[in-house]
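Here is final-v3.txt, consisting of compact mmCIF, C-alpha atoms:
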# COMPACT_ATOMS: atom_id res chain seq x y z
CA MET O 322 42.86 -46.19 -58.92
CA LYS O 323 42.85 -49.95 -59.48
CA VAL O 324 42.20 -50.79 -63.15
CA LEU O 325 41.57 -54.21 -64.66
CA VAL O 326 42.44 -54.58 -68.37
CA LEU O 327 40.67 -57.52 -69.98
CA GLY O 328 42.76 -58.81 -72.87
CA GLY O 329 46.51 -59.22 -73.34
CA GLY O 330 46.94 -58.48 -77.03
CA VAL O 331 48.60 -55.36 -78.38
CA ILE O 332 45.50 -53.28 -77.53
CA GLY O 333 45.36 -54.51 -73.94
CA VAL O 334 49.10 -54.22 -73.36
CA THR O 335 49.32 -50.65 -74.71
CA SER O 336 46.27 -49.73 -72.61
CA ALA O 337 48.01 -51.12 -69.53
CA TRP O 338 51.23 -49.26 -70.38
CA TYR O 339 49.57 -45.87 -70.60
CA LEU O 340 47.26 -46.50 -67.64
CA HIS O 341 50.27 -47.26 -65.48
CA GLY O 342 51.96 -44.15 -66.81
CA ALA O 343 48.92 -42.19 -65.67
CA GLY O 344 49.47 -43.42 -62.12
CA HIS O 345 47.03 -46.33 -61.86
CA GLU O 346 47.48 -49.79 -60.35
CA VAL O 347 46.98 -52.06 -63.37
CA THR O 348 46.29 -55.76 -63.82
CA VAL O 349 45.97 -57.42 -67.24
CA VAL O 350 43.95 -60.63 -67.59
CA ASP O 351 44.26 -63.00 -70.55
CA ARG O 352 43.36 -66.61 -71.23
CA GLN O 353 46.60 -67.31 -73.10
CA ALA O 354 49.95 -68.25 -71.56
CA GLY O 355 51.51 -64.91 -72.50
CA PRO O 356 50.85 -61.57 -74.21
CA GLY O 357 50.02 -61.20 -77.89
CA LEU O 358 49.22 -64.84 -78.63
CA GLU O 359 45.97 -64.35 -80.56
CA THR O 360 45.22 -61.69 -83.19
CA SER O 361 48.47 -59.83 -82.40
CA PHE O 362 50.61 -62.91 -83.03
CA ALA O 363 51.25 -62.99 -86.80
CA ASN O 364 49.46 -60.11 -88.51
CA GLY O 365 50.66 -58.32 -91.64
CA GLY O 366 52.99 -56.05 -89.70
CA GLN O 367 52.03 -52.74 -91.32
CA ILE O 368 51.61 -49.55 -89.30
CA SER O 369 49.64 -47.99 -92.12
CA TRP O 370 48.29 -44.80 -90.61
CA GLY O 371 48.19 -43.17 -94.05
CA ALA O 372 47.50 -46.11 -96.35
CA GLY O 373 44.81 -47.76 -94.21
CA ASN O 374 41.31 -47.30 -95.64
CA PRO O 375 37.79 -48.35 -94.62
CA TRP O 376 36.74 -51.65 -96.13
CA ALA O 377 33.25 -50.19 -96.48
CA ALA O 378 33.91 -48.23 -99.66
CA PRO O 379 32.01 -47.21 -102.81
CA GLY O 380 31.93 -50.06 -105.31
CA ILE O 381 32.80 -52.74 -102.77
CA PRO O 382 29.50 -54.69 -103.07
CA LEU O 383 30.06 -55.24 -106.82
CA LYS O 384 33.78 -55.93 -106.33
CA ALA O 385 32.97 -58.45 -103.61
CA LEU O 386 30.77 -60.44 -106.00
CA LYS O 387 33.55 -60.49 -108.60
CA TRP O 388 36.17 -61.44 -106.02
CA MET O 389 34.23 -64.52 -104.97
CA LEU O 390 34.53 -65.90 -108.50
CA ARG O 391 38.35 -65.72 -108.40
CA PRO O 392 40.50 -68.72 -107.40
CA HIS O 393 42.49 -66.50 -104.98
CA SER O 394 39.66 -64.29 -103.76
CA PRO O 395 40.53 -61.78 -101.02
CA LEU O 396 37.01 -62.19 -99.59
CA VAL O 397 35.26 -65.38 -98.50
CA LEU O 398 31.73 -65.48 -97.10
CA ARG O 399 30.65 -68.72 -95.52
CA PRO O 400 26.84 -68.36 -95.16
CA ARG O 401 25.52 -69.37 -91.77
CA LEU O 402 22.44 -68.91 -89.59
CA ASP O 403 24.06 -66.12 -87.61
CA PRO O 404 21.93 -62.97 -87.09
CA ALA O 405 25.03 -61.03 -85.94
CA LEU O 406 26.73 -61.71 -89.30
CA TRP O 407 23.81 -60.54 -91.44
CA THR O 408 23.15 -57.49 -89.29
CA TRP O 409 26.84 -56.57 -89.55
CA LEU O 410 26.89 -57.13 -93.32
CA PHE O 411 23.83 -54.98 -94.00
CA SER O 412 25.24 -52.23 -91.81
CA MET O 413 28.54 -52.41 -93.68
CA LEU O 414 26.76 -52.14 -97.02
CA ALA O 415 25.01 -49.00 -95.77
CA ASN O 416 28.45 -47.47 -95.24
CA CYS O 417 29.58 -48.09 -98.85
CA THR O 418 28.74 -44.58 -100.05
CA PRO O 419 31.19 -41.78 -100.91
CA GLU O 420 29.92 -39.65 -98.03
CA ARG O 421 30.19 -42.41 -95.42
CA TYR O 422 33.58 -43.52 -96.77
CA ALA O 423 35.05 -40.02 -96.40
CA LEU O 424 33.58 -39.68 -92.90
CA ASN O 425 34.88 -43.04 -91.74
CA LYS O 426 38.31 -42.50 -93.31
CA GLU O 427 38.64 -39.20 -91.39
CA ARG O 428 37.68 -40.92 -88.14
CA MET O 429 40.17 -43.75 -88.68
CA LEU O 430 42.87 -41.31 -89.69
CA ARG O 431 42.30 -39.24 -86.55
CA VAL O 432 43.17 -42.26 -84.39
CA SER O 433 45.88 -43.70 -86.66
CA ARG O 434 47.86 -40.49 -87.07
CA TYR O 435 47.71 -39.83 -83.31
CA SER O 436 48.71 -43.44 -82.62
CA HIS O 437 51.77 -43.09 -84.81
CA GLU O 438 52.79 -40.00 -82.86
CA CYS O 439 52.38 -41.98 -79.63
CA LEU O 440 54.43 -44.89 -81.02
CA VAL O 441 57.26 -42.56 -82.01
CA GLY O 442 57.21 -41.12 -78.48
CA LEU O 443 57.17 -44.59 -76.92
CA ARG O 444 60.14 -45.67 -79.05
CA ARG O 445 62.03 -42.58 -77.94
CA GLU O 446 61.17 -43.21 -74.28
CA THR O 447 61.93 -46.93 -74.13
CA GLY O 448 64.35 -47.66 -76.98
CA ILE O 449 62.14 -50.60 -77.96
CA HIS O 450 62.96 -52.46 -81.19
CA TYR O 451 60.70 -54.94 -82.98
CA ASP O 452 62.18 -55.49 -86.49
CA GLU O 453 60.80 -52.10 -87.41
CA HIS O 454 61.22 -50.51 -90.83
CA LEU O 455 60.58 -46.77 -91.08
CA THR O 456 60.86 -46.36 -94.86
CA GLY O 457 57.18 -46.39 -95.77
CA VAL O 458 54.67 -48.77 -97.35
CA LEU O 459 54.30 -49.41 -101.09
CA GLU O 460 50.90 -50.33 -102.56
CA LEU O 461 51.19 -52.14 -105.92
CA PHE O 462 48.66 -52.14 -108.75
CA ARG O 463 48.48 -54.76 -111.48
CA THR O 464 46.06 -52.93 -113.80
CA ALA O 465 45.85 -49.41 -115.21
CA ARG O 466 42.31 -49.13 -113.88
CA GLU O 467 43.44 -49.77 -110.31
CA LEU O 468 46.20 -47.20 -110.68
CA ASP O 469 43.76 -44.64 -112.08
CA GLU O 470 41.38 -45.19 -109.16
CA ALA O 471 44.26 -44.65 -106.73
CA GLY O 472 45.18 -41.45 -108.55
CA ARG O 473 41.69 -40.08 -108.01
CA ASP O 474 42.12 -40.59 -104.25
CA ILE O 475 45.31 -38.52 -104.13
CA THR O 476 43.48 -35.19 -103.79
CA LEU O 477 41.51 -36.48 -100.80
CA LEU O 478 44.65 -37.92 -99.19
CA LYS O 479 46.57 -34.68 -99.67
CA ARG O 480 43.69 -32.74 -98.14
CA TRP O 481 44.07 -34.84 -95.00
CA GLY O 482 47.80 -34.21 -94.88
CA ILE O 483 48.85 -37.71 -95.92
CA ASP O 484 52.16 -37.76 -97.75
CA CYS O 485 51.83 -40.12 -100.73
CA HIS O 486 53.27 -40.42 -104.23
CA ILE O 487 52.10 -42.16 -107.39
CA LEU O 488 54.88 -44.24 -108.96
CA ASP O 489 55.15 -45.83 -112.35
CA ARG O 490 56.62 -49.30 -112.78
CA ALA O 491 60.19 -47.99 -112.76
CA GLY O 492 59.47 -45.97 -109.64
CA CYS O 493 58.19 -49.07 -107.82
CA VAL O 494 61.36 -50.97 -108.74
CA ALA O 495 63.48 -48.03 -107.59
CA GLN O 496 61.63 -48.12 -104.26
CA GLU O 497 61.83 -51.92 -103.90
CA SER O 498 64.59 -53.38 -106.08
CA ALA O 499 63.46 -56.95 -105.26
CA LEU O 500 60.47 -56.33 -107.58
CA ARG O 501 62.76 -56.33 -110.63
CA PRO O 502 62.15 -60.00 -111.61
CA SER O 503 58.34 -59.52 -111.43
CA GLN O 504 58.06 -55.92 -112.63
CA GLU O 505 56.08 -56.83 -115.76
CA LYS O 506 53.20 -57.91 -113.50
CA ILE O 507 52.65 -54.42 -112.08
CA VAL O 508 51.81 -51.11 -113.74
CA GLY O 509 52.57 -48.79 -110.86
CA GLY O 510 52.10 -48.07 -107.20
CA LEU O 511 51.36 -45.64 -104.42
CA HIS O 512 54.08 -44.96 -101.85
CA PHE O 513 53.30 -43.77 -98.32
CA PRO O 514 56.69 -42.66 -96.90
CA GLY O 515 55.29 -41.89 -93.43
CA ASP O 516 53.97 -45.42 -92.83
CA GLU O 517 55.99 -48.12 -91.09
CA SER O 518 56.12 -51.85 -90.46
CA GLY O 519 57.29 -54.12 -87.68
CA ASP O 520 56.64 -57.29 -85.71
CA CYS O 521 53.50 -56.69 -83.63
CA PHE O 522 54.02 -59.83 -81.53
CA GLN O 523 57.60 -58.90 -80.71
CA PHE O 524 56.48 -55.37 -79.78
CA THR O 525 53.66 -56.68 -77.57
CA GLN O 526 55.93 -59.10 -75.74
CA LEU O 527 58.67 -56.52 -75.15
CA LEU O 528 56.24 -53.83 -74.00
CA ALA O 529 54.55 -56.30 -71.64
CA ASN O 530 57.94 -57.15 -70.14
CA LEU O 531 58.70 -53.45 -69.68
CA ALA O 532 55.29 -53.00 -68.05
CA MET O 533 55.98 -55.91 -65.69
CA SER O 534 59.28 -54.31 -64.71
CA ARG O 535 57.26 -51.24 -63.71
CA CYS O 536 54.89 -53.30 -61.52
CA VAL O 537 52.01 -53.91 -63.93
CA THR O 538 50.51 -57.31 -63.01
CA PHE O 539 49.70 -59.89 -65.69
CA SER O 540 47.37 -62.80 -64.94
CA PHE O 541 47.81 -65.30 -67.78
CA ASP O 542 46.05 -68.63 -68.28
CA THR O 543 42.95 -66.99 -66.81
CA ARG O 544 39.71 -67.37 -68.75
CA ILE O 545 37.09 -64.65 -68.34
CA GLU O 546 33.71 -66.31 -67.90
CA ARG O 547 31.41 -63.32 -67.37
CA LEU O 548 31.10 -59.71 -66.22
CA GLU O 549 28.73 -58.86 -63.39
CA ALA O 550 27.13 -55.49 -62.67
CA ASN O 551 24.94 -53.81 -60.10
CA GLY O 552 22.99 -50.76 -61.20
CA ASP O 553 25.16 -48.59 -63.44
CA ARG O 554 28.51 -50.04 -62.36
CA LEU O 555 30.46 -53.19 -63.07
CA THR O 556 31.12 -55.00 -59.81
CA ARG O 557 33.31 -57.99 -60.68
CA VAL O 558 34.85 -60.17 -63.35
CA VAL O 559 34.28 -63.88 -62.88
CA THR O 560 37.12 -66.07 -64.20
CA ASP O 561 37.93 -69.76 -64.08
CA LYS O 562 40.32 -68.89 -61.23
CA GLY O 563 37.97 -66.81 -59.14
CA GLU O 564 36.54 -63.29 -59.00
CA LEU O 565 38.45 -60.10 -59.76
CA THR O 566 37.41 -56.59 -58.76
CA ALA O 567 38.66 -53.11 -59.56
CA ASP O 568 37.64 -49.47 -59.59
CA ALA O 569 37.57 -49.39 -63.40
CA TYR O 570 37.54 -51.98 -66.17
CA VAL O 571 38.87 -51.75 -69.74
CA LEU O 572 37.50 -54.32 -72.19
CA ALA O 573 40.11 -55.09 -74.87
CA CYS O 574 39.13 -58.63 -75.84
CA GLY O 575 38.92 -57.98 -79.57
CA SER O 576 36.35 -60.14 -81.40
CA TYR O 577 35.23 -61.72 -78.13
CA SER O 578 34.16 -58.40 -76.58
CA PRO O 579 30.54 -58.62 -77.85
CA LEU O 580 30.09 -62.04 -76.21
CA LEU O 581 31.02 -60.61 -72.80
CA LEU O 582 28.88 -57.50 -73.17
CA ARG O 583 25.70 -59.12 -74.46
CA PRO O 584 24.55 -60.42 -71.02
CA LEU O 585 24.93 -56.84 -69.71
CA GLY O 586 22.50 -55.54 -72.33
CA ILE O 587 25.16 -53.89 -74.50
CA ARG O 588 25.04 -54.79 -78.19
CA LEU O 589 28.49 -54.21 -79.60
CA PRO O 590 28.52 -54.16 -83.45
CA VAL O 591 31.85 -55.96 -83.77
CA TYR O 592 32.18 -59.12 -85.88
CA PRO O 593 35.19 -61.47 -86.26
CA VAL O 594 36.76 -61.32 -89.72
CA LYS O 595 39.34 -64.07 -90.07
CA GLY O 596 42.69 -63.23 -91.61
CA TYR O 597 45.53 -65.58 -92.51
CA SER O 598 49.29 -65.26 -92.68
CA VAL O 599 52.27 -67.28 -93.83
CA THR O 600 55.72 -66.58 -92.37
CA LEU O 601 58.82 -67.91 -94.09
CA PRO O 602 62.59 -67.73 -93.42
CA LEU O 603 64.53 -65.82 -96.05
CA THR O 604 66.72 -67.82 -98.39
CA ASP O 605 67.91 -64.75 -100.33
CA ALA O 606 67.67 -61.43 -98.49
CA ALA O 607 68.39 -59.43 -101.65
CA ALA O 608 65.35 -61.02 -103.35
CA ALA O 609 62.97 -59.88 -100.57
CA PRO O 610 61.42 -56.44 -100.05
CA SER O 611 63.25 -54.12 -97.69
CA SER O 612 60.05 -53.05 -95.94
CA SER O 613 56.37 -53.77 -96.69
CA VAL O 614 54.30 -53.92 -99.86
CA THR O 615 50.59 -54.42 -100.48
CA ASP O 616 49.26 -56.18 -103.57
CA ALA O 617 46.09 -54.14 -104.20
CA THR O 618 44.62 -56.73 -106.57
CA TYR O 619 44.76 -59.64 -104.13
CA LYS O 620 44.66 -57.53 -100.93
CA ILE O 621 47.78 -59.30 -99.66
CA VAL O 622 50.43 -57.61 -97.50
CA ILE O 623 54.05 -58.82 -97.71
CA THR O 624 56.36 -57.57 -94.96
CA ARG O 625 60.03 -58.03 -94.18
CA LEU O 626 60.51 -58.89 -90.49
CA GLY O 627 64.21 -59.34 -89.81
CA ASP O 628 65.29 -62.62 -91.40
CA LYS O 629 61.68 -63.60 -92.20
CA LEU O 630 59.12 -62.67 -94.84
CA ARG O 631 55.43 -62.62 -93.96
CA GLY O 632 52.46 -62.62 -96.28
CA ALA O 633 49.06 -61.82 -94.79
CA GLY O 634 45.54 -61.19 -95.99
CA THR O 635 42.10 -62.61 -96.77
CA ALA O 636 38.84 -61.57 -95.17
CA GLU O 637 36.87 -64.68 -94.24
CA LEU O 638 33.45 -64.29 -92.64
CA ALA O 639 33.00 -67.58 -90.81
CA GLY O 640 32.14 -66.65 -87.23
CA TYR O 641 34.62 -67.79 -84.59
CA ASP O 642 35.99 -70.65 -86.70
CA LEU O 643 39.79 -70.78 -86.41
CA SER O 644 40.47 -73.64 -88.81
CA LEU O 645 43.33 -73.14 -91.27
CA ARG O 646 41.95 -73.58 -94.79
CA PRO O 647 44.58 -74.59 -97.38
CA ALA O 648 42.97 -72.53 -100.17
CA ARG O 649 43.31 -69.31 -98.17
CA LEU O 650 46.93 -70.03 -97.33
CA GLY O 651 47.51 -70.94 -100.95
CA ALA O 652 46.32 -67.51 -102.08
CA ILE O 653 48.94 -65.82 -99.89
CA LYS O 654 51.72 -68.15 -101.02
CA HIS O 655 50.75 -67.52 -104.65
CA VAL O 656 51.19 -63.76 -104.31
CA MET O 657 54.46 -64.08 -102.39
CA ALA O 658 55.90 -66.36 -105.07
CA ASP O 659 54.51 -64.20 -107.87
CA LEU O 660 56.14 -60.98 -106.64
CA PHE O 661 59.27 -62.28 -104.87
CA PRO O 662 59.97 -65.70 -106.44
CA ASP O 663 63.50 -66.19 -105.09
CA ALA O 664 63.14 -64.77 -101.58
CA VAL O 665 61.95 -67.79 -99.57
CA ASN O 666 61.53 -71.54 -99.51
CA GLN O 667 57.81 -72.13 -99.15
CA ALA O 668 58.34 -75.60 -97.69
CA ASP O 669 59.26 -73.96 -94.37
CA ALA O 670 56.00 -72.05 -93.94
CA LEU O 671 54.55 -71.14 -90.54
CA SER O 672 50.80 -70.83 -91.15
CA TRP O 673 48.44 -68.87 -88.90
CA CYS O 674 45.00 -67.31 -88.72
CA GLY O 675 43.41 -64.80 -86.35
CA LEU O 676 40.12 -62.99 -85.83
CA ARG O 677 40.09 -59.27 -86.56
CA PRO O 678 37.43 -57.41 -84.52
CA MET O 679 35.70 -55.28 -87.17
CA THR O 680 32.96 -52.70 -86.90
CA PRO O 681 30.66 -52.32 -89.92
CA ASP O 682 31.90 -48.78 -90.61
CA ASN O 683 35.55 -49.66 -89.68
CA PRO O 684 36.60 -47.02 -87.07
CA PRO O 685 37.20 -48.56 -83.60
CA ILE O 686 34.99 -48.20 -80.54
CA LEU O 687 36.68 -46.35 -77.70
CA GLY O 688 35.65 -45.04 -74.31
CA ALA O 689 32.53 -45.03 -72.20
CA THR O 690 29.63 -47.45 -71.92
CA THR O 691 26.32 -47.27 -70.05
CA TYR O 692 28.24 -48.59 -67.03
CA LYS O 693 30.21 -45.77 -65.44
CA ASN O 694 33.35 -47.79 -64.72
CA LEU O 695 33.45 -49.96 -67.87
CA PHE O 696 35.39 -48.68 -70.88
CA LEU O 697 35.90 -50.09 -74.38
CA ASN O 698 39.01 -50.43 -76.53
CA THR O 699 38.02 -52.70 -79.39
CA GLY O 700 36.79 -52.88 -82.99
CA HIS O 701 40.08 -51.91 -84.66
CA GLY O 702 39.69 -54.44 -87.48
CA THR O 703 42.83 -54.76 -89.61
CA LEU O 704 44.42 -51.69 -87.99
CA GLY O 705 44.85 -52.86 -84.40
CA TRP O 706 48.65 -52.67 -84.65
CA THR O 707 48.39 -49.29 -86.37
CA MET O 708 46.03 -47.81 -83.77
CA ALA O 709 47.29 -49.56 -80.62
CA CYS O 710 49.41 -46.89 -78.95
CA GLY O 711 47.00 -44.05 -79.63
CA SER O 712 44.00 -46.08 -78.46
CA GLY O 713 45.84 -47.05 -75.28
CA LYS O 714 46.72 -43.43 -74.53
CA ILE O 715 43.13 -42.31 -75.22
CA LEU O 716 41.75 -44.94 -72.83
CA ALA O 717 44.20 -43.96 -70.11
CA ASP O 718 43.10 -40.32 -70.41
CA ILE O 719 39.40 -41.24 -70.34
CA VAL O 720 39.76 -43.52 -67.30
CA SER O 721 41.80 -40.80 -65.56
CA GLY O 722 39.11 -38.19 -66.22
CA ARG O 723 41.46 -36.13 -68.39
CA PRO O 724 40.65 -34.53 -71.75
CA THR O 725 41.87 -36.59 -74.69
CA ASP O 726 44.36 -35.22 -77.20
CA ILE O 727 42.00 -35.87 -80.12
CA ASP O 728 38.28 -35.35 -80.63
CA LEU O 729 36.38 -38.61 -79.96
CA LYS O 730 33.30 -37.66 -81.99
CA GLY O 731 32.32 -40.70 -84.06
CA LEU O 732 34.74 -43.00 -82.24
CA THR O 733 32.59 -44.13 -79.32
CA LEU O 734 29.74 -46.60 -78.91
CA ALA O 735 27.33 -43.66 -79.04
CA ARG O 736 27.56 -43.52 -82.86
CA PHE O 737 25.58 -46.78 -83.04
CA SER O 738 22.80 -45.61 -80.74

Give the structure from this file in structure tokens form.
Amino acid sequence: MKVLVLGGGVIGVTSAWYLHGAGHEVTVVDRQAGPGLETSFANGGQISWGAGNPWAAPGIPLKALKWMLRPHSPLVLRPRLDPALWTWLFSMLANCTPERYALNKERMLRVSRYSHECLVGLRRETGIHYDEHLTGVLELFRTARELDEAGRDITLLKRWGIDCHILDRAGCVAQESALRPSQEKIVGGLHFPGDESGDCFQFTQLLANLAMSRCVTFSFDTRIERLEANGDRLTRVVTDKGELTADAYVLACGSYSPLLLRPLGIRLPVYPVKGYSVTLPLTDAAAAPSSSVTDATYKIVITRLGDKLRGAGTAELAGYDLSLRPARLGAIKHVMADLFPDAVNQADALSWCGLRPMTPDNPPILGATTYKNLFLNTGHGTLGWTMACGSGKILADIVSGRPTDIDLKGLTLARFS
């Protein structure tokens, strides 16, 4: 079967990889000059299948109000006359209950755990390397209250089979010795030994090259203008370079997916949440973390990627605005310097921002639509890198008419009906 994958980020490339492995003729279409040049380019680097949680959580509305009063707030809301924003926000608030949080965490975990298994298998099959670190993720807490709240979650995490350990200050330093100069600023942490980190862009580029070597076609510099349908089937994709047709279509355009679906009568509850990152060359490798840490207070991830250190974070609700705001970048630099003061020279910063495609409840949207040959792989939010391989394998099974390895209940567009 001829399959057209729309989008060349990590989600689109993994979809293409597994679709080709299932025996299909695959073409990937992307407006950029190469794979992984948008949201996959400079994200936080964590593959946090255990540590990743829904943003829609109990207490978040009150925390969000407090955050906005901080100079380095992890959340920024830029009010605008955008019905999609306010509909998304109200829906997210409705998910900030203990019952909805537990339900959404289980759904996310179902995909994330499976995706990690797929990634391990892909590494074994291909020998791919992408500055990966397999020693876990450490979440740091600056106050006793934050640490106590994390401790209360341990029972729930253990019930789901997530290996995690509460550490005191000394335990955090033992896990990441580079924290020694700043240890007085933290009270403890939570270590997830099964989580990983790595360069998502490097992975996407290498996997795309492997896919090309196996006859997957990539059409870069090709802007998708609209999708056209007849009855209950998609008939063509109109681009700035002409029309493209296939037997099946996989939409993996991240935050831009709703814009393409709206003319077809499909309302996709995905909104762009802008995140920022700063990548710096190491000046002292011993002063940098060996893997990845998360500052729970500022919601900033700091990840070692070879000879570089990357800080990433911030949730900015500003539509499709891609401007780099100095205050947001400053918040990331502040945390990096606060925790690892001697690791990098901040004058050499590579600054970036990207749009995370987030659903209001946080699990992704996978699988079927009202059009029989149009399938979705989007809405992964901050966990696109974490969920990429599993989502790609799931889509390949669905398109091939095979049963999926995990239950898709609560992971499809049908949950928003």

Non-local contacts of O:Arg649 (12 Å; all atoms listed in the file; under 3 positions in same chain excluded) as a PyMOL selection string: chain O and resi 391-397+595-599+619+621+632-637+644-646+652-656+672-674

Dump C-alpha atoms for the selected residues as a PDB file, in the frame of the given file?
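In the end it all went to again28.pdb:
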ATOM      1  CA  ARG O 391      38.350 -65.720-108.400  1.00  0.00           C
ATOM      2  CA  PRO O 392      40.500 -68.720-107.400  1.00  0.00           C
ATOM      3  CA  HIS O 393      42.490 -66.500-104.980  1.00  0.00           C
ATOM      4  CA  SER O 394      39.660 -64.290-103.760  1.00  0.00           C
ATOM      5  CA  PRO O 395      40.530 -61.780-101.020  1.00  0.00           C
ATOM      6  CA  LEU O 396      37.010 -62.190 -99.590  1.00  0.00           C
ATOM      7  CA  VAL O 397      35.260 -65.380 -98.500  1.00  0.00           C
ATOM      8  CA  LYS O 595      39.340 -64.070 -90.070  1.00  0.00           C
ATOM      9  CA  GLY O 596      42.690 -63.230 -91.610  1.00  0.00           C
ATOM     10  CA  TYR O 597      45.530 -65.580 -92.510  1.00  0.00           C
ATOM     11  CA  SER O 598      49.290 -65.260 -92.680  1.00  0.00           C
ATOM     12  CA  VAL O 599      52.270 -67.280 -93.830  1.00  0.00           C
ATOM     13  CA  TYR O 619      44.760 -59.640-104.130  1.00  0.00           C
ATOM     14  CA  ILE O 621      47.780 -59.300 -99.660  1.00  0.00           C
ATOM     15  CA  GLY O 632      52.460 -62.620 -96.280  1.00  0.00           C
ATOM     16  CA  ALA O 633      49.060 -61.820 -94.790  1.00  0.00           C
ATOM     17  CA  GLY O 634      45.540 -61.190 -95.990  1.00  0.00           C
ATOM     18  CA  THR O 635      42.100 -62.610 -96.770  1.00  0.00           C
ATOM     19  CA  ALA O 636      38.840 -61.570 -95.170  1.00  0.00           C
ATOM     20  CA  GLU O 637      36.870 -64.680 -94.240  1.00  0.00           C
ATOM     21  CA  SER O 644      40.470 -73.640 -88.810  1.00  0.00           C
ATOM     22  CA  LEU O 645      43.330 -73.140 -91.270  1.00  0.00           C
ATOM     23  CA  ARG O 646      41.950 -73.580 -94.790  1.00  0.00           C
ATOM     24  CA  ALA O 652      46.320 -67.510-102.080  1.00  0.00           C
ATOM     25  CA  ILE O 653      48.940 -65.820 -99.890  1.00  0.00           C
ATOM     26  CA  LYS O 654      51.720 -68.150-101.020  1.00  0.00           C
ATOM     27  CA  HIS O 655      50.750 -67.520-104.650  1.00  0.00           C
ATOM     28  CA  VAL O 656      51.190 -63.760-104.310  1.00  0.00           C
ATOM     29  CA  SER O 672      50.800 -70.830 -91.150  1.00  0.00           C
ATOM     30  CA  TRP O 673      48.440 -68.870 -88.900  1.00  0.00           C
ATOM     31  CA  CYS O 674      45.000 -67.310 -88.720  1.00  0.00           C
TER      32      CYS O 674
END

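Pairwise distance (atom CA of O:Ala532, atom CA of O:Trp338) equals 6.0 Å.
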
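Among the candidates O:Val571, O:Ala550, O:Ile332, O:Ala709, the one nearest to O:Pro584 when counting only C-alpha atoms is O:Ala550.
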
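Restricting the calculation to only C-alpha atoms, the smallest distance between O:Cys710 and any of O:Pro647, O:Gly333, O:Gly492, O:Gly586 is found for O:Gly333.
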
Interatomic distance (Å, one decimal) between atom CA of O:Leu440 and atom CA of O:Pro514: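 Interatomic distance, atom CA of O:Leu440 to atom CA of O:Pro514: 16.2 Å.
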
Answer as number ranges by chain, residues within 6 Å of (53.6, -44.9, -88.8) using all atoms listed in the file: O: 368, 370, 437, 515-517

Can you complete the atoms of stretch 429-441 of chain O to N, CA and C atoms and list them as a compact mmCIF listing (two decimals), keeping the file's coordinate frame?
# COMPACT_ATOMS: atom_id res chain seq x y z
N MET O 429 39.06 -42.80 -88.82
CA MET O 429 40.17 -43.75 -88.68
C MET O 429 41.51 -43.03 -88.68
N LEU O 430 41.63 -42.05 -89.58
CA LEU O 430 42.87 -41.31 -89.69
C LEU O 430 43.16 -40.52 -88.42
N ARG O 431 42.12 -40.00 -87.79
CA ARG O 431 42.30 -39.24 -86.55
C ARG O 431 43.00 -40.10 -85.49
N VAL O 432 42.56 -41.35 -85.37
CA VAL O 432 43.17 -42.26 -84.39
C VAL O 432 44.55 -42.73 -84.86
N SER O 433 44.64 -43.11 -86.14
CA SER O 433 45.88 -43.70 -86.66
C SER O 433 47.04 -42.71 -86.63
N ARG O 434 46.78 -41.48 -87.06
CA ARG O 434 47.86 -40.49 -87.07
C ARG O 434 48.33 -40.21 -85.64
N TYR O 435 47.37 -40.07 -84.72
CA TYR O 435 47.71 -39.83 -83.31
C TYR O 435 48.47 -41.03 -82.74
N SER O 436 48.05 -42.23 -83.12
CA SER O 436 48.71 -43.44 -82.62
C SER O 436 50.15 -43.50 -83.09
N HIS O 437 50.39 -43.09 -84.32
CA HIS O 437 51.77 -43.09 -84.81
C HIS O 437 52.63 -42.12 -84.01
N GLU O 438 52.07 -40.97 -83.69
CA GLU O 438 52.79 -40.00 -82.86
C GLU O 438 53.12 -40.60 -81.49
N CYS O 439 52.15 -41.34 -80.93
CA CYS O 439 52.38 -41.98 -79.63
C CYS O 439 53.45 -43.07 -79.73
N LEU O 440 53.43 -43.84 -80.83
CA LEU O 440 54.43 -44.89 -81.02
C LEU O 440 55.83 -44.30 -81.13
N VAL O 441 55.96 -43.22 -81.88
CA VAL O 441 57.26 -42.56 -82.01
C VAL O 441 57.75 -42.11 -80.63
